[in-house]
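Engineer: First the structure, then my questions, so here it is.
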Amino acid sequence: ENRHNYLAAVCPDKKSSGLAWLDLSTGEFRLAEIETPAQLADQLARLQPSELLIPDHLNPTPELPLPPTPHDAFAFDLTQATDLLRDHFRVQSLDGFGCTTLPQGTRAAGALLHYITRSLRRDAQHLAPPKPWHATSYLLLDAVTQTNLELVESRNPEGTSLRGAIDRTLTPMGARLLREWILHPLRDLAAITHRQDLVAALHDDPTRLASVRDILRDIRDMERAVSRLSLASGHARDLVALKTSLALLPSLRATLAENDNSPLLALAADLRTFDPLVALLESSVVDEPPPTTRDGGMIRAGYHPDLDELRRAGTEGRRWIAELQDREIARTGIKSLKIRYNSVFGYYLEVTKSNLASVPDDYTRKQTTANSERFITPELKEMEGRILGGEERARALESEIFGQLRAAVLTELAPLQQAARAVAQIDTLAGLAETARTFRYVRPILTATGAIKITDGRHPVLDQTMPAGRFVPNDTALDTDAPRLVILTGPNMAGKSTYIRQVALLVLLAQTGSFIPAAQAEIGLVDRIFTRVGATDDLARGQSTFMVEMNETAAILNNATNRSLVILDEIGRGTSTFDGLSIAWSVAEHLHDVTACRTLFATHYHELTDL
């Protein structure tokens, strides 16, 4: 429940690849065009789709993270995809969605919709219109960096990821959004500053923050409840979850809007109230309905007169059967006589074998068991038909009423999805504010310059997992001018790897809009973070430790820009000392002189300090 479950499609072309992804459980739908196979692999690593479609005439390529599902090639045709998307979203053109300049992405999006609606036969009315994703809007993280920095998953089963350290969200929607923010930090200064303003407004008002979090604690997963109802796989418990959550929105909105000058007013404005829908669900559905709609018992007494009448008839029938048992015991003198029920025979009278001599002539034998005989009477059979017929009609009527309630919810589908997204954003921001208050984070100053100046920075994970006072804070000073490259030496276990990872994590956190663990910080915006950390082989692809290291280093040298942050740990240690030193020397010079990016270079080669 704390992560998205994506279905993705890839549509390769000579110049670029179209990529589209959607989460059927929430309605999110995105498309993009990716320039290189490596960038496609990186984005797929961020998404971690559960299923991946490709045209059925193509062979899988190495950058795909899982065995793909071949799908009809014609579904990837641009005309076919465009027509299907326009028909589904009832528009004359895709221009309004911003898809016109992304033909490859449109092809992939059309194939996804075709697979959902034609192959899987699923209702996709709850899907949001496809929203373009542009790489230039985000700080890019390749697959290696995501793993090395342990952003959302720790490589150690008992370890803690960055997400695990900062996640104070209270709803599944907020947890999913936080994961998205960590994997897709922003690059636009205005957008980052806006997020910081919202976190700061909550951070600086602890009373309001506590009130907001108290309300969020009782909000359920609105996104997935609405989607299940739209897909006809929902049940009455989804209606209750929705009612409970929607009933809290007015108080959440009022809490956020208490101060007229607060940036939180914009968040409050996104929270529509749904009073008529809440009243309908409150009056119609019981507080604790059964897990399925088959068995009835989900509609509240007093809501529907015909249903109440059918239920009354069933209750009176069961009371009559209880009275019949007492009468038959008195008439026959068989004190152990019982009237029982099972789904095969319906109602029957059960008499132990020791009392068979006392059975009246009007009993008709139905079944013999090891210790007893089962009988029916015309009177019992007639009442059984009335009871069971009434119960069947009551269940059918309840199912019909549930369908009407579901339809009433779906008339508000788009506003409900918007409200769910707003709650997710509020929860994520409040969680970041709570983390900042709990662990003494500060608001970093984001700039368009190349300077990274951090005073008393702390590793966000170790700061929490180590005993209080054990972690030693560190300063950082980097710039695109000077010093742009820092060579860090020291013995094993001195903290070199911890320090360089710490700087990368603090920069990433700052560009998500979060506060960071430091005394103060100025962060010049970064376009990409690259890491070369650790030494492992890749036997599945026939690559030695040294080959893996050189491939990752080559990717950095070919893709880093002067706005990038590069983290290098022990370059060249996979080969002999002199060769390794030569490689480390050459890489350091290239990053400093040619790429001119901010670099932290941890090494055991003390000769590098002389060079």
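Scheme for the structure tokens: letters A, B, ... for chains in order shown; per-chain residue numbers from 1; ligand numbers from 1 in order shown.
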So that I can check the secondary structure, give me every residue of segment 361-583 of chain A assigned strand (DSSP E) by backbone DSSP, as a PyMOL selection string.
Structural biologist: chain A and resi 364-368+372-376+445-447+452-457+474-478+485-488+520-524+528-532+565-569
Engineer: Can you list, as a PyMOL selection string, all residues belonging to segment 15-263 of chain A that DSSP tags as helix (DSSP H, G or I)?
Structural biologist: chain A and resi 37-47+73-76+78-89+95-97+103-119+135-137+143-148+162-166+172-183+189-203+206-216+222-230+236-256
Engineer: At what distance in Å, to one decimal, does atom CA of Phe546 of chain A lie from atom CA of Thr575 of chain A?
Structural biologist: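 Result for atom CA of Thr575 of chain A versus atom CA of Phe546 of chain A: 6.4 Å, one decimal.
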Engineer: Measure the distance from atom CA of Thr476 of chain A to atom CA of Lys453 of chain A in Å and round it to one decimal.
Structural biologist: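 Going from atom CA of Thr476 of chain A over to atom CA of Lys453 of chain A covers 5.5 Å.
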Engineer: Mind checking which residues fall within 10 Å of Asp167 of chain A, counting only C-alpha atoms, ignoring those fewer than 5 positions away in the same chain, and posting them as a ChimeraX atom specification?
Structural biologist: /A:161-162,174-175,178-179,428,431-432,434-435
Engineer: Could you pull the residues within 9 Å of segment 569-571 of chain A, counting only C-alpha atoms, minus those fewer than 3 positions along the same chain, as a ChimeraX atom specification?
Structural biologist: /A:496-497,500,531-535,549-550,553,574,580-581,583-584,587,600-605
Engineer: Of the candidates A:Leu405, A:Ala430, A:Ile516, A:Val461, which shows the shortest atom-to-atom distance to Leu446 of chain A, using only C-alpha atoms?
Structural biologist: A:Ile516
Engineer: List the neighbours of Tyr347 of chain A out to 8 Å using only C-alpha atoms; skip same-chain residues closer than 5 positions along the sequence, and give me the result as a PyMOL selection string.
Structural biologist: chain A and resi 339-342+376+380-381+384
Engineer: Near segment 32-40 of chain A, counting only C-alpha atoms, which residues have an atom at most 8 Å away, once you skip same-chain residues fewer than 4 positions from it, shown as JSON, numbers by chain?
Structural biologist: {"A": [15, 16, 17, 18, 19, 20, 44, 63, 102, 104, 105, 132, 133, 134, 142]}
Engineer: Using the selection just defined, write its residues with N, CA, C and O atoms as a PDB file, in the first residue's frame.
Structural biologist:
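The result, stored in result25.pdb:
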```
ATOM      1  N   LYS A  15      15.498   7.305 -32.832  1.00  0.00           N
ATOM      2  CA  LYS A  15      16.063   8.451 -32.129  1.00  0.00           C
ATOM      3  C   LYS A  15      15.742   8.462 -30.635  1.00  0.00           C
ATOM      4  O   LYS A  15      16.498   8.998 -29.837  1.00  0.00           O
ATOM      5  N   SER A  16      14.596   7.913 -30.245  1.00  0.00           N
ATOM      6  CA  SER A  16      14.195   7.953 -28.831  1.00  0.00           C
ATOM      7  C   SER A  16      13.242   6.797 -28.555  1.00  0.00           C
ATOM      8  O   SER A  16      12.845   6.070 -29.465  1.00  0.00           O
ATOM      9  N   SER A  17      12.872   6.670 -27.302  1.00  0.00           N
ATOM     10  CA  SER A  17      11.908   5.641 -26.894  1.00  0.00           C
ATOM     11  C   SER A  17      10.721   6.306 -26.218  1.00  0.00           C
ATOM     12  O   SER A  17      10.897   7.208 -25.388  1.00  0.00           O
ATOM     13  N   GLY A  18       9.540   5.874 -26.590  1.00  0.00           N
ATOM     14  CA  GLY A  18       8.348   6.319 -25.876  1.00  0.00           C
ATOM     15  C   GLY A  18       8.149   5.454 -24.650  1.00  0.00           C
ATOM     16  O   GLY A  18       8.385   4.237 -24.681  1.00  0.00           O
ATOM     17  N   LEU A  19       7.773   6.077 -23.556  1.00  0.00           N
ATOM     18  CA  LEU A  19       7.511   5.351 -22.310  1.00  0.00           C
ATOM     19  C   LEU A  19       6.224   5.885 -21.710  1.00  0.00           C
ATOM     20  O   LEU A  19       6.026   7.107 -21.626  1.00  0.00           O
ATOM     21  N   ALA A  20       5.335   4.999 -21.322  1.00  0.00           N
ATOM     22  CA  ALA A  20       4.110   5.391 -20.617  1.00  0.00           C
ATOM     23  C   ALA A  20       3.918   4.465 -19.441  1.00  0.00           C
ATOM     24  O   ALA A  20       4.323   3.292 -19.494  1.00  0.00           O
ATOM     25  N   LEU A  44      13.039   3.372 -15.744  1.00  0.00           N
ATOM     26  CA  LEU A  44      12.353   2.126 -15.383  1.00  0.00           C
ATOM     27  C   LEU A  44      12.787   1.659 -13.996  1.00  0.00           C
ATOM     28  O   LEU A  44      11.988   1.093 -13.244  1.00  0.00           O
ATOM     29  N   GLU A  63      18.310  -3.343 -21.296  1.00  0.00           N
ATOM     30  CA  GLU A  63      17.976  -2.320 -20.299  1.00  0.00           C
ATOM     31  C   GLU A  63      16.613  -2.535 -19.643  1.00  0.00           C
ATOM     32  O   GLU A  63      16.261  -1.847 -18.682  1.00  0.00           O
ATOM     33  N   LEU A 102       4.990  14.672 -28.148  1.00  0.00           N
ATOM     34  CA  LEU A 102       5.560  13.407 -27.659  1.00  0.00           C
ATOM     35  C   LEU A 102       4.930  12.231 -28.399  1.00  0.00           C
ATOM     36  O   LEU A 102       4.201  11.415 -27.806  1.00  0.00           O
ATOM     37  N   GLN A 104       6.136   9.422 -29.632  1.00  0.00           N
ATOM     38  CA  GLN A 104       6.516   8.086 -29.163  1.00  0.00           C
ATOM     39  C   GLN A 104       5.838   7.764 -27.826  1.00  0.00           C
ATOM     40  O   GLN A 104       5.370   6.640 -27.596  1.00  0.00           O
ATOM     41  N   GLY A 105       5.785   8.751 -26.941  1.00  0.00           N
ATOM     42  CA  GLY A 105       5.090   8.555 -25.668  1.00  0.00           C
ATOM     43  C   GLY A 105       3.614   8.313 -25.867  1.00  0.00           C
ATOM     44  O   GLY A 105       2.998   7.500 -25.161  1.00  0.00           O
ATOM     45  N   PRO A 132       2.229  14.553 -19.408  1.00  0.00           N
ATOM     46  CA  PRO A 132       3.624  14.419 -19.865  1.00  0.00           C
ATOM     47  C   PRO A 132       4.618  14.524 -18.714  1.00  0.00           C
ATOM     48  O   PRO A 132       4.423  15.307 -17.780  1.00  0.00           O
ATOM     49  N   TRP A 133       5.669  13.726 -18.804  1.00  0.00           N
ATOM     50  CA  TRP A 133       6.779  13.764 -17.853  1.00  0.00           C
ATOM     51  C   TRP A 133       8.020  14.197 -18.616  1.00  0.00           C
ATOM     52  O   TRP A 133       8.392  13.586 -19.625  1.00  0.00           O
ATOM     53  N   HIS A 134       8.659  15.287 -18.165  1.00  0.00           N
ATOM     54  CA  HIS A 134       9.838  15.808 -18.845  1.00  0.00           C
ATOM     55  C   HIS A 134      11.053  15.675 -17.929  1.00  0.00           C
ATOM     56  O   HIS A 134      11.045  16.175 -16.790  1.00  0.00           O
ATOM     57  N   ASP A 142      20.494   7.952 -11.848  1.00  0.00           N
ATOM     58  CA  ASP A 142      20.546   6.693 -12.580  1.00  0.00           C
ATOM     59  C   ASP A 142      20.312   5.525 -11.623  1.00  0.00           C
ATOM     60  O   ASP A 142      20.267   5.691 -10.397  1.00  0.00           O
TER      61      ASP A 142
END
```
Engineer: What's the separation between atom CA of Leu324 of chain A and atom CA of Glu379 of chain A, in Å to one decimal place?
Structural biologist: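 Value for the atom CA of Leu324 of chain A-atom CA of Glu379 of chain A distance: 9.6 Å.
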Engineer: Name the closest residue to Ser245 of chain A among the candidates A:Asn551, A:Thr79, A:Gln464, A:Thr273; distances are taken between atoms, counting only C-alpha atoms.
Structural biologist: A:Thr273
